[in-house]
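Participant: Would you mind keeping the following structure in view while I ask a few things?
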Amino acid sequence: MSATLRLISFLRAALRLMRGSPWLNAVSVLTIAASLSLCGLFAMAFFNAHTLIDELGSSLTIQVYLEPDTPEERIGQIEARLREHEGVKRVRALSSEADRERNRKLLDPALLEGLDDEAIPGQPVLALELDSSLASRGDLEALVHWAGQIEAVEAVEDVAFGAERLRLLFAVLEIIRSVGVVLSAVLLASALFFVFTTVRLAVWGRRREIEILSLMGATPNFIRAPFLLEGALQGLLGAVVAIVAVGLLHLELEGLVRDVYLLQVQPSLLPPGMVLWLLVGGPCLGVLASGLSLGRAFKV
Amino acid sequence: MSATLRLISFLRAALRLMRGSPWLNAVSVLTIAASLSLCGLFAMAFFNAHTLIDELGSSLTIQVYLEPDTPEERIGQIEARLREHEGVKRVRALSSEADRERNRKLLDPALLEGLDDEAIPGQPVLALELDSSLASRGDLEALVHWAGQIEAVEAVEDVAFGAERLRLLFAVLEIIRSVGVVLSAVLLASALFFVFTTVRLAVWGRRREIEILSLMGATPNFIRAPFLLEGALQGLLGAVVAIVAVGLLHLELEGLVRDVYLLQVQPSLLPPGMVLWLLVGGPCLGVLASGLSLGRAFKV
Amino acid sequence: MIQLYNVSKRYGAEGASVTALDDVNMRVREGEMVFLTGPSGAGKSTLIRLLLCVERVSSGQVLIGGRNVHALRDESIPYLRRNFGVVFQDFRLIETRDVFDNVAIGMEILGLPRKDIVRRVGQLLEAIGLQERAHASPRDLSGGEAQRVAIARALVNEPAILLCDEPTGNLDPQLSREIIQLVCEVNRRGTTVVVATHDAALIEEFGARTLTLKGGRLVQDRDRADRGGDMLAGGLDLSRLDDPMAEIE
Amino acid sequence: MIQLYNVSKRYGAEGASVTALDDVNMRVREGEMVFLTGPSGAGKSTLIRLLLCVERVSSGQVLIGGRNVHALRDESIPYLRRNFGVVFQDFRLIETRDVFDNVAIGMEILGLPRKDIVRRVGQLLEAIGLQERAHASPRDLSGGEAQRVAIARALVNEPAILLCDEPTGNLDPQLSREIIQLVCEVNRRGTTVVVATHDAALIEEFGARTLTLKGGRLVQDRDRADRGGDMLAGGLDLSRLDDPMAEIE
Ligand SMILES: Nc1ncnc2c1ncn2[C@@H]1O[C@H](COP(=O)(O)OP(=O)(O)OP(=O)(O)O)[C@@H](O)[C@H]1O
Ligand SMILES: Nc1ncnc2c1ncn2[C@@H]1O[C@H](COP(=O)(O)OP(=O)(O)OP(=O)(O)O)[C@@H](O)[C@H]1O
Ligand SMILES: [Mg+2]
Ligand SMILES: [Mg+2]
């Protein structure tokens with residue numbers, strides 16, 4: 001018998017299994033769909049939280065105030081040194097005039113009255129943008145230390161760090177991350193456990209059937225094949241359901257975010273390739289769960 | 001036969017059911033434990049996010065700058081009016097001197113050199129703390145509108161609002177809330193579905209037994225009782241497991257938060273009474289799931 | 001006790017239906033013992049299922065103790081079934097309970113005291129010769145042993161009506177005779193007995209009234225030496241049938 | 001073909017063990033037909049389970065075609081079982097498949113072409129008189145019908161060895177005789193047959209060699225008119241036993 005013919009006969013058997021207990025099958029499909037939806041939802045939340053954090057983190061800066069009379073050349077040297085440092089994404093140099101202009105905007109007009117331009121403080125500033133992907137408490141401490149070092153550099157007058165604000169932000173990021181990792185681990189574990197359990201119970205409900213096939217001389221692979229195929233089919237169906245569910249939710253969330261107009265940060269909230277991942281993951285999950293369940297559920 | 005005797009015989013039957021399929025029981029208990037753990041974890045996350053938001057939100061203020069020569073009496077009137085407004089948690093009055101002192105600290109010492117005290121700006125200020133529980137985009141718009149109204153009030157010179165920063169914060173809050181609600185709904189639904197499914201599959205696996213009892217003249221209640229009791233016992237066991245799991249996780253998280261020393265905001269991260277909720281919720285979940293599963297799983 | 005008027009039973013949808021019983025009229029008096037025989041697929045088991053209300057008649061009427069059982073509400077059916085002891089053709093033992101518990105189920109359903117249960121079940125297990133296997137699982141019994149447990153289970157409550165579907169199919173001739181003697185003994189104490197069997201030798205030996213079904217039709221009703229019981233026990237209890245909630249105090 | 005040397009089988013733990021077979025020695029030649037009889041619990045079904053490697057002997061040796069089956073690796077067991085056709089005492093039909101599929105299983109396991117399956121299964125269903133119920137569920141069959149399906153299933157591959165455990169317990173005498181005639185026909189074509197039965201009349205009528213077990217001991221081996229087959233079919237195929245992966249190309 002050719003391999004194709006055999007596959008067709010296994011497919012027939014798998015479809016017969018599915019027809020035989022439509023209710024059980026609906027449960028399995030829904031289970032896989034629910035698990036995948038949760039995973040998809042979570043991936044989405046994680047992906048977007050990450051984008052948001054990147055967005056916020058990139059606005060973190062350190063201001064390095066240089067002495068007013070620092071020569072251009074020296075400024076260039078310091079800038080280059082700063083740029084080299086790990087965790088620094090960009091360095092922007094402000095001339096004295098630019099800094100004075102900035103200060104003029106910040107100060108109360110009433111206060112500036114009667115002061116001539118020179119009286120308004122202004123000095124060369126190097127604005128450092130920090131790389132938020134390195135943002136952790138450890139990195140922060142390293143930065144505080146580094147800031148101290150910068151201050152010791154000749155020509156540097158002051159380092160405005162806003163460490164407190166940075167600390168708060170980093171702490172929030174850290175908590176979001178920890179909770180995210182814990183939640184994602186718990187979710188994935190329970191999704192796997194869920195599918196495994198339902199498949200196992202389904203196999204358990206068919207233990208007589210399996211025993212009879214074995215008594216009639218069926219090889220373990222012959223017995224397993226339809227269950228594995230059934231798992232794959234269920235996984236595929238589940239994935240389709242999950243994609244529809246996540247897609248609908250995504251539309252809903254996108255509308256919400258568009259409403260909160262300030263955060264119109266990206267065209268799509270879906271991580272790239274998620275549909276593909278779900279379509280591949282569904283059958284894999286089904287086959288894996290079936291395989292694991294079958295593994296110890298019957299002996300020859 | 002007395003009710004107690006009957007209960008004891010049902011308990012014996014329930015224990016027999018549990019002994020009869022230890023594996024299936026372990027699965028059900030673990031299922032309930034996992035569901036309850038997830039719910040507990042989520043309640044914890046939600047509770048703490050809320051506390052955090054409250055914490056951050058309470059630092060939101062509106063500064064109402066009054067004309068320098070506003071009489072004390074008039075300040076008191078305005079203060080009282082502001083206090084009345086919905087969404088305002090506290091109003092703190094700063095005298096001209098206090099405001100000047102504050103500004104002195106904010107300004108560059110170099111700038112202040114040669115200026116006499118009077119030249120430093122200072123005027124009476126009313127600092128409003130906003131109630132973050134009202135914080136939503138709608139509330140924000142209302143506040144913007146209200147701020148405009150305040151400015152029109154006699155003796156009010158200026159209103160510093162920081163609307164942009166507020167808007168960002170509110171948007172973040174809103175997203176956290178929406179994602180939280182969606183996730184919690186999905187989680188609870190899937191937990192219920194999970195327990196329901198496993199119990200239903202367990203009942204399905206015992207369909208012959210149920211049919212035989214019915215053939216022998218057992219009333220539906222007689223057949224149901226052991227299953228319900230079994231569900232309750234499983235729920236109780238699951239709750240205990242969940243409490244241990246959430247407790248351990250809580251200790252872990254508390255350590256983490258204590259590490260991130262800036263956020264040492266409360267003595268316990270656990271919502272009050274959660275242990276009790278879990279202990280009551282577990283058996284209820286078990287009984288409910290059993291009941292629902294039995295409901296349509298067998299006929300007389 | 002049991003009366004069937006023009007009873008027909010068809011299984012399946014209109015088109016592809018199987019006629020299991022076809023216009024059967026019969027009557028079994030209280031305390032009577034009746035053999036039901038006929039070729040495979042004649043409708044014997046179907047008749048027993050109709051008496052138990054597992055299936056509903058397609059047409060006609062089934063009366064037990066003068067009551068039309070198929071007019072009963074669902075809630076009353078358990079109380080009807082408690083009047084029967086049944087040995088199913090495929091035994092239907094509960095595999096998750098041991099032999100003792102399987103026999104005891106009927107008494108537990110009635111909520112009888114534990115010590116009565118222990119005594120009565122012990123006696124029955126001795127009668128069928130399985131007292132040593134009281135705590136074995138039905139899965140670990142031989143075919144004949146399982147059949148004997150099924151018989152003990154049917155007898156445990158001294159039912160008003162005993163229905164046995166092929167009770168000796170897995171027993172050797174010697175045991176078959178003993179079991180039927182046990183059934184006769186129960187019958188002599190007042191229980192109405194219907195035994196569906198293929199065992200011609202057994203029917204010959206015990207020579208009770210024999211009803212023969214064939215293709216769903218009652219083709220023969222041969223009465224012989226009537227050995228009507230002395231009505232010691234086994235009176236029908238239909239008192240609960242109008243009050244289905246009485247049990248659930 | 002089948003040889004048992006000092007075979008004992010004890011079930012359960014050391015303390016509370018049941019001795020189902022006790023030092024049994026026997027030999028069934030190729031093409032022979034043997035009745036296995038004895039009271040309930042004598043060990044007939046246990047013997048069949050040992051041949052199928054469902055259980056392992058406690059001591060002694062079981063040889064099939066000269067091979068010690070209990071020395072086989074687990075992977076080889078399916079290939080051993082394909083040499084058998086078995087009618088189980090409790091039928092063991094697959095309830096989720098219809099009658100046709102139940103009979104066809106054995107051929108599907110061998111991966112035979114669909115049209116051969118349809119032809120062969122059709123023939124068998126006709127032989128047992130159930131061609132009209134081909135697409136019924138086993139749940140909807142009468143006891144005797146289910147038993148006949150089990151017999152058809154055992155015959156479908158023309159096995160080298162046919163094991164029947166109480167194959168006529170739910171059949172009327174007429175059908176029983178027909179079924180045993182069918183089995184004799186199969187035997188005449190070369191299949192070795194072992195029939196465990198309580199039906200004394202049947203044994204009497206067909207008068208083959210009869211082995212009697214009692215309490216696990218072989219107490220009688222009565223040979224009568226030997227009707228050895230002409231070995232047309234049913235040769236033992238043990239070629240796969242050393243190459244368990246051959247099937248999985
Ligand atoms: N649930 C069902 N659905 C469809 N047909 C059924 C069902 N139950 C029984 N039948 C058919 O009804 C007919 C009578 O069945 P029944 O079980 O009453 O026979 P029986 O007299 O008990 O036979 P046996 O002696 O073989 O047990 C048979 O042809 C059977 O196939
Ligand atoms: N799995 C098991 N575990 C424990 N004891 C068993 C098991 N299977 C069978 N036995 C016991 O072994 C003995 C022989 O059983 P077996 O099924 O071989 O008898 P049998 O000859 O087929 O009887 P019958 O004619 O009643 O079918 C019986 O006492 C039975 O209770
Ligand atoms: Mg029948
Ligand atoms: Mg047996």
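Residues in the structure tokens are named by chain (A, B, ... in the order shown) and by number from 1 within that chain; ligands are numbered from 1 in the order shown.
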For chain D, which residues have at least one atom within 9 Å of chain C, if we go by only C-alpha atoms? Write them as a VMD selection string, please.

Facilitator: chain D and resid 11 37 to 46 89 to 90 140 to 145 166 168 to 175 197 to 200

Participant: For chain B, work out the contacting residues on chain C at 6 Å, counting only C-alpha atoms, and write them as a ChimeraX atom specification.

Facilitator: /C:78,81-82,94,96,109

Participant: Store the residues of this selection in a file with N, CA, C and O atoms, as a PDB file, in the first residue's frame.

Facilitator:
ATOM      1  N   PRO C  78     -37.691   6.885  38.155  1.00  0.00           N
ATOM      2  CA  PRO C  78     -36.848   6.155  39.114  1.00  0.00           C
ATOM      3  C   PRO C  78     -37.668   5.306  40.089  1.00  0.00           C
ATOM      4  O   PRO C  78     -37.273   4.189  40.432  1.00  0.00           O
ATOM      5  N   ARG C  81     -38.746   2.169  38.468  1.00  0.00           N
ATOM      6  CA  ARG C  81     -37.649   1.222  38.275  1.00  0.00           C
ATOM      7  C   ARG C  81     -37.261   0.499  39.552  1.00  0.00           C
ATOM      8  O   ARG C  81     -36.702  -0.592  39.507  1.00  0.00           O
ATOM      9  N   ARG C  82     -37.555   1.102  40.705  1.00  0.00           N
ATOM     10  CA  ARG C  82     -37.183   0.445  41.956  1.00  0.00           C
ATOM     11  C   ARG C  82     -38.002  -0.806  42.227  1.00  0.00           C
ATOM     12  O   ARG C  82     -37.687  -1.584  43.114  1.00  0.00           O
ATOM     13  N   ILE C  94     -20.746  -1.758  37.255  1.00  0.00           N
ATOM     14  CA  ILE C  94     -19.993  -0.505  37.319  1.00  0.00           C
ATOM     15  C   ILE C  94     -18.533  -0.846  37.569  1.00  0.00           C
ATOM     16  O   ILE C  94     -18.189  -1.389  38.616  1.00  0.00           O
ATOM     17  N   THR C  96     -15.936   0.899  38.134  1.00  0.00           N
ATOM     18  CA  THR C  96     -15.145   1.632  39.124  1.00  0.00           C
ATOM     19  C   THR C  96     -15.502   1.239  40.564  1.00  0.00           C
ATOM     20  O   THR C  96     -14.935   1.770  41.503  1.00  0.00           O
ATOM     21  N   ILE C 109     -29.374   3.081  46.956  1.00  0.00           N
ATOM     22  CA  ILE C 109     -30.318   4.002  46.323  1.00  0.00           C
ATOM     23  C   ILE C 109     -31.546   4.190  47.211  1.00  0.00           C
ATOM     24  O   ILE C 109     -32.087   5.283  47.324  1.00  0.00           O
TER      25      ILE C 109
END

Participant: Fewer than 6 positions away in the same chain doesn't count, so skip those; otherwise give me all residues within 7 Å of D:Arg217, counting only C-alpha atoms, as a ChimeraX atom specification.

Facilitator: /D:21-24

Participant: Those same residues, written as a PDB file, in the first residue's frame with all heavy atoms?

Facilitator:
ATOM      1  N   LEU D  21      -4.630 -20.318  36.248  1.00  0.00           N
ATOM      2  CA  LEU D  21      -4.147 -21.510  35.550  1.00  0.00           C
ATOM      3  C   LEU D  21      -3.045 -22.128  36.398  1.00  0.00           C
ATOM      4  O   LEU D  21      -2.204 -21.423  36.952  1.00  0.00           O
ATOM      5  CB  LEU D  21      -3.600 -21.168  34.160  1.00  0.00           C
ATOM      6  CG  LEU D  21      -4.625 -20.838  33.086  1.00  0.00           C
ATOM      7  CD1 LEU D  21      -3.933 -20.455  31.783  1.00  0.00           C
ATOM      8  CD2 LEU D  21      -5.590 -22.000  32.853  1.00  0.00           C
ATOM      9  N   ASP D  22      -3.066 -23.440  36.470  1.00  0.00           N
ATOM     10  CA  ASP D  22      -2.176 -24.116  37.404  1.00  0.00           C
ATOM     11  C   ASP D  22      -1.479 -25.265  36.690  1.00  0.00           C
ATOM     12  O   ASP D  22      -2.068 -26.325  36.476  1.00  0.00           O
ATOM     13  CB  ASP D  22      -3.031 -24.619  38.595  1.00  0.00           C
ATOM     14  CG  ASP D  22      -2.161 -25.137  39.717  1.00  0.00           C
ATOM     15  OD1 ASP D  22      -0.925 -25.058  39.589  1.00  0.00           O
ATOM     16  OD2 ASP D  22      -2.729 -25.618  40.713  1.00  0.00           O
ATOM     17  N   ASP D  23      -0.249 -25.032  36.260  1.00  0.00           N
ATOM     18  CA  ASP D  23       0.579 -26.080  35.680  1.00  0.00           C
ATOM     19  C   ASP D  23      -0.112 -26.812  34.523  1.00  0.00           C
ATOM     20  O   ASP D  23      -0.251 -28.031  34.534  1.00  0.00           O
ATOM     21  CB  ASP D  23       0.948 -27.082  36.792  1.00  0.00           C
ATOM     22  CG  ASP D  23       2.150 -27.930  36.381  1.00  0.00           C
ATOM     23  OD1 ASP D  23       2.978 -27.439  35.597  1.00  0.00           O
ATOM     24  OD2 ASP D  23       2.219 -29.093  36.836  1.00  0.00           O
ATOM     25  N   VAL D  24      -0.489 -26.057  33.531  1.00  0.00           N
ATOM     26  CA  VAL D  24      -1.207 -26.640  32.388  1.00  0.00           C
ATOM     27  C   VAL D  24      -0.225 -27.036  31.289  1.00  0.00           C
ATOM     28  O   VAL D  24       0.646 -26.255  30.920  1.00  0.00           O
ATOM     29  CB  VAL D  24      -2.240 -25.634  31.824  1.00  0.00           C
ATOM     30  CG1 VAL D  24      -2.837 -26.145  30.521  1.00  0.00           C
ATOM     31  CG2 VAL D  24      -3.327 -25.367  32.850  1.00  0.00           C
TER      32      VAL D  24
END

Participant: Name the closest residue to D:Asn187 among the candidates D:Gly122, D:Leu211, D:Cys53, D:Val34; distances are taken between atoms, counting only C-alpha atoms.

Facilitator: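 Smallest separation from D:Asn187 among the options: D:Val34.
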
Participant: Please compute the atom CA of B:Glu72-atom CA of B:Ala142 distance, one decimal, in Å.

Facilitator: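 Going from atom CA of B:Glu72 over to atom CA of B:Ala142, I get 28.4 Å.
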
Participant: Hey, what does DSSP flag as alpha helix (DSSP H) within stretch 92-198 of chain C? Can you give it to me as a ChimeraX atom specification?

Facilitator: /C:99-109,114-127,143-155,173-188

Participant: May I ask which of the residues B:Ala93, B:Leu7, B:Leu66, B:Leu201 is the closest one to chain A, counting only C-alpha atoms?

Facilitator: B:Leu201

Participant: Extract, using only C-alpha atoms, all DNA, RNA and protein residues at most 7 Å from B:Leu229, discarding same-chain residues fewer than 4 positions from it, and format them as a list of chain:residue names.

Facilitator: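 Near neighbours after the sequence-gap exclusion: B:Leu11, B:Ala14, B:Ala225, B:Leu233.
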
Participant: From the set C:Ser8, C:Ser17, C:Ser137, C:Gln3, which residue has the shortest atom-to-atom contact distance to ligand 1, counting only C-alpha atoms and all ligand atoms?

Facilitator: C:Ser17

Participant: Would you mind telling me which residue in C:Ile77, C:Ala13, C:Ala134, C:Ala150 lies nearest to ligand 1 when using only C-alpha atoms and all ligand atoms?

Facilitator: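 Counting only C-alpha atoms and all ligand atoms, the residue closest to ligand 1 is C:Ala13.
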
Participant: To one decimal in Å, tell me the separation between atom CA of A:Arg100 and atom CA of A:Glu151.

Facilitator: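 Going from atom CA of A:Arg100 over to atom CA of A:Glu151 covers 21.3 Å.
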
Participant: List the spatial neighbours of C:Thr192 as number ranges by chain - criterion: any atom at most 6 Å away, only C-alpha atoms, same-chain residues fewer than 6 positions off excluded.

Facilitator: C: 30-33, 161

Participant: Might you pull out every residue within 12 Å of C:Arg29, with only C-alpha atoms counted and same-chain residues fewer than 2 positions away left off, and present them as a list in words?

Facilitator: Met1, Ile2, Gln3, Leu4, Met26, Arg27, Gly31, Glu32, Met33, Val34, Leu63, Ile64, Gly65, Gly66, Ala160, Ile161, Gly190, Thr191, Thr192, Val193, Val194, Arg209, Asp226, Arg227, Gly228, Gly229 and Met231 of chain C

Participant: How about saving the chosen residues, N, CA, C and O atoms kept, as a short mmCIF file (atom, residue, chain, number, x, y, z; two decimals), in the first residue's frame?

Facilitator:
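What ended up in again-v4.cif:
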data_model
loop_
_atom_site.label_atom_id
_atom_site.label_comp_id
_atom_site.auth_asym_id
_atom_site.auth_seq_id
_atom_site.Cartn_x
_atom_site.Cartn_y
_atom_site.Cartn_z
N MET C 1 -50.14 -8.07 36.56
CA MET C 1 -48.93 -7.35 36.95
C MET C 1 -48.30 -6.61 35.77
O MET C 1 -48.06 -5.43 35.82
N ILE C 2 -48.04 -7.39 34.69
CA ILE C 2 -47.50 -6.77 33.47
C ILE C 2 -48.49 -7.03 32.34
O ILE C 2 -48.87 -8.17 32.10
N GLN C 3 -48.93 -5.97 31.70
CA GLN C 3 -49.85 -6.14 30.58
C GLN C 3 -49.38 -5.33 29.38
O GLN C 3 -49.00 -4.17 29.53
N LEU C 4 -49.36 -5.98 28.21
CA LEU C 4 -49.00 -5.26 26.99
C LEU C 4 -50.20 -5.30 26.04
O LEU C 4 -50.74 -6.38 25.77
N MET C 26 -49.77 -9.31 25.60
CA MET C 26 -49.46 -10.37 26.55
C MET C 26 -49.77 -9.90 27.96
O MET C 26 -50.01 -8.72 28.21
N ARG C 27 -49.77 -10.86 28.87
CA ARG C 27 -50.12 -10.53 30.24
C ARG C 27 -49.38 -11.48 31.16
O ARG C 27 -49.41 -12.70 30.96
N GLY C 31 -46.75 -12.80 40.61
CA GLY C 31 -46.18 -14.03 41.16
C GLY C 31 -45.89 -15.10 40.13
O GLY C 31 -45.44 -16.19 40.47
N GLU C 32 -46.11 -14.80 38.87
CA GLU C 32 -45.91 -15.78 37.83
C GLU C 32 -44.44 -15.82 37.41
O GLU C 32 -43.70 -14.86 37.60
N MET C 33 -44.02 -16.96 36.83
CA MET C 33 -42.69 -17.04 36.27
C MET C 33 -42.82 -17.37 34.79
O MET C 33 -43.48 -18.35 34.43
N VAL C 34 -42.19 -16.55 33.95
CA VAL C 34 -42.40 -16.69 32.51
C VAL C 34 -41.05 -16.73 31.80
O VAL C 34 -40.16 -15.95 32.11
N LEU C 63 -48.76 -1.69 30.67
CA LEU C 63 -49.31 -1.45 32.00
C LEU C 63 -48.55 -2.27 33.03
O LEU C 63 -48.37 -3.49 32.84
N ILE C 64 -48.12 -1.63 34.09
CA ILE C 64 -47.49 -2.36 35.19
C ILE C 64 -48.29 -2.08 36.45
O ILE C 64 -48.46 -0.91 36.83
N GLY C 65 -48.83 -3.13 37.05
CA GLY C 65 -49.71 -2.95 38.20
C GLY C 65 -50.91 -2.10 37.84
O GLY C 65 -51.40 -1.33 38.66
N GLY C 66 -51.34 -2.19 36.58
CA GLY C 66 -52.53 -1.46 36.17
C GLY C 66 -52.26 -0.02 35.74
O GLY C 66 -53.16 0.70 35.33
N ALA C 160 -40.26 -6.58 43.25
CA ALA C 160 -41.57 -7.09 42.92
C ALA C 160 -41.54 -7.83 41.59
O ALA C 160 -42.23 -8.83 41.41
N ILE C 161 -40.71 -7.35 40.68
CA ILE C 161 -40.61 -7.98 39.37
C ILE C 161 -39.13 -8.19 39.05
O ILE C 161 -38.32 -7.27 39.21
N GLY C 190 -42.90 -14.86 45.90
CA GLY C 190 -43.88 -13.87 45.46
C GLY C 190 -43.46 -12.95 44.35
O GLY C 190 -44.25 -12.15 43.85
N THR C 191 -42.19 -13.01 43.94
CA THR C 191 -41.71 -12.12 42.89
C THR C 191 -42.17 -12.60 41.52
O THR C 191 -42.09 -13.80 41.22
N THR C 192 -42.66 -11.68 40.72
CA THR C 192 -42.99 -11.99 39.34
C THR C 192 -41.68 -12.04 38.55
O THR C 192 -40.84 -11.15 38.69
N VAL C 193 -41.50 -13.10 37.74
CA VAL C 193 -40.21 -13.28 37.07
C VAL C 193 -40.39 -13.42 35.56
O VAL C 193 -41.25 -14.19 35.11
N VAL C 194 -39.59 -12.66 34.79
CA VAL C 194 -39.54 -12.84 33.35
C VAL C 194 -38.10 -13.16 32.98
O VAL C 194 -37.20 -12.37 33.26
N ARG C 209 -44.30 -21.33 32.04
CA ARG C 209 -44.96 -20.77 30.86
C ARG C 209 -43.91 -20.13 29.95
O ARG C 209 -43.00 -19.46 30.42
N ASP C 226 -48.49 -24.78 36.14
CA ASP C 226 -48.34 -23.48 36.78
C ASP C 226 -47.88 -23.64 38.21
O ASP C 226 -48.43 -24.39 38.98
N ARG C 227 -46.81 -22.92 38.52
CA ARG C 227 -46.29 -23.04 39.88
C ARG C 227 -46.40 -21.69 40.58
O ARG C 227 -45.42 -21.16 41.10
N GLY C 228 -47.58 -21.11 40.57
CA GLY C 228 -47.82 -19.80 41.18
C GLY C 228 -47.30 -19.72 42.61
O GLY C 228 -47.44 -20.65 43.38
N GLY C 229 -46.66 -18.62 42.94
CA GLY C 229 -46.03 -18.44 44.25
C GLY C 229 -47.06 -18.24 45.35
O GLY C 229 -48.25 -18.10 45.11
N MET C 231 -46.91 -15.74 47.41
CA MET C 231 -47.01 -14.29 47.68
C MET C 231 -46.50 -13.88 49.06
O MET C 231 -47.18 -13.19 49.81
#

Participant: Kindly give the distance, in Å, that separates atom 30 (C, counted along the ligand's line) of ligand 1 and atom CA of C:Val57, rounded to a single decimal.

Facilitator: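 The value is 14.9 Å.
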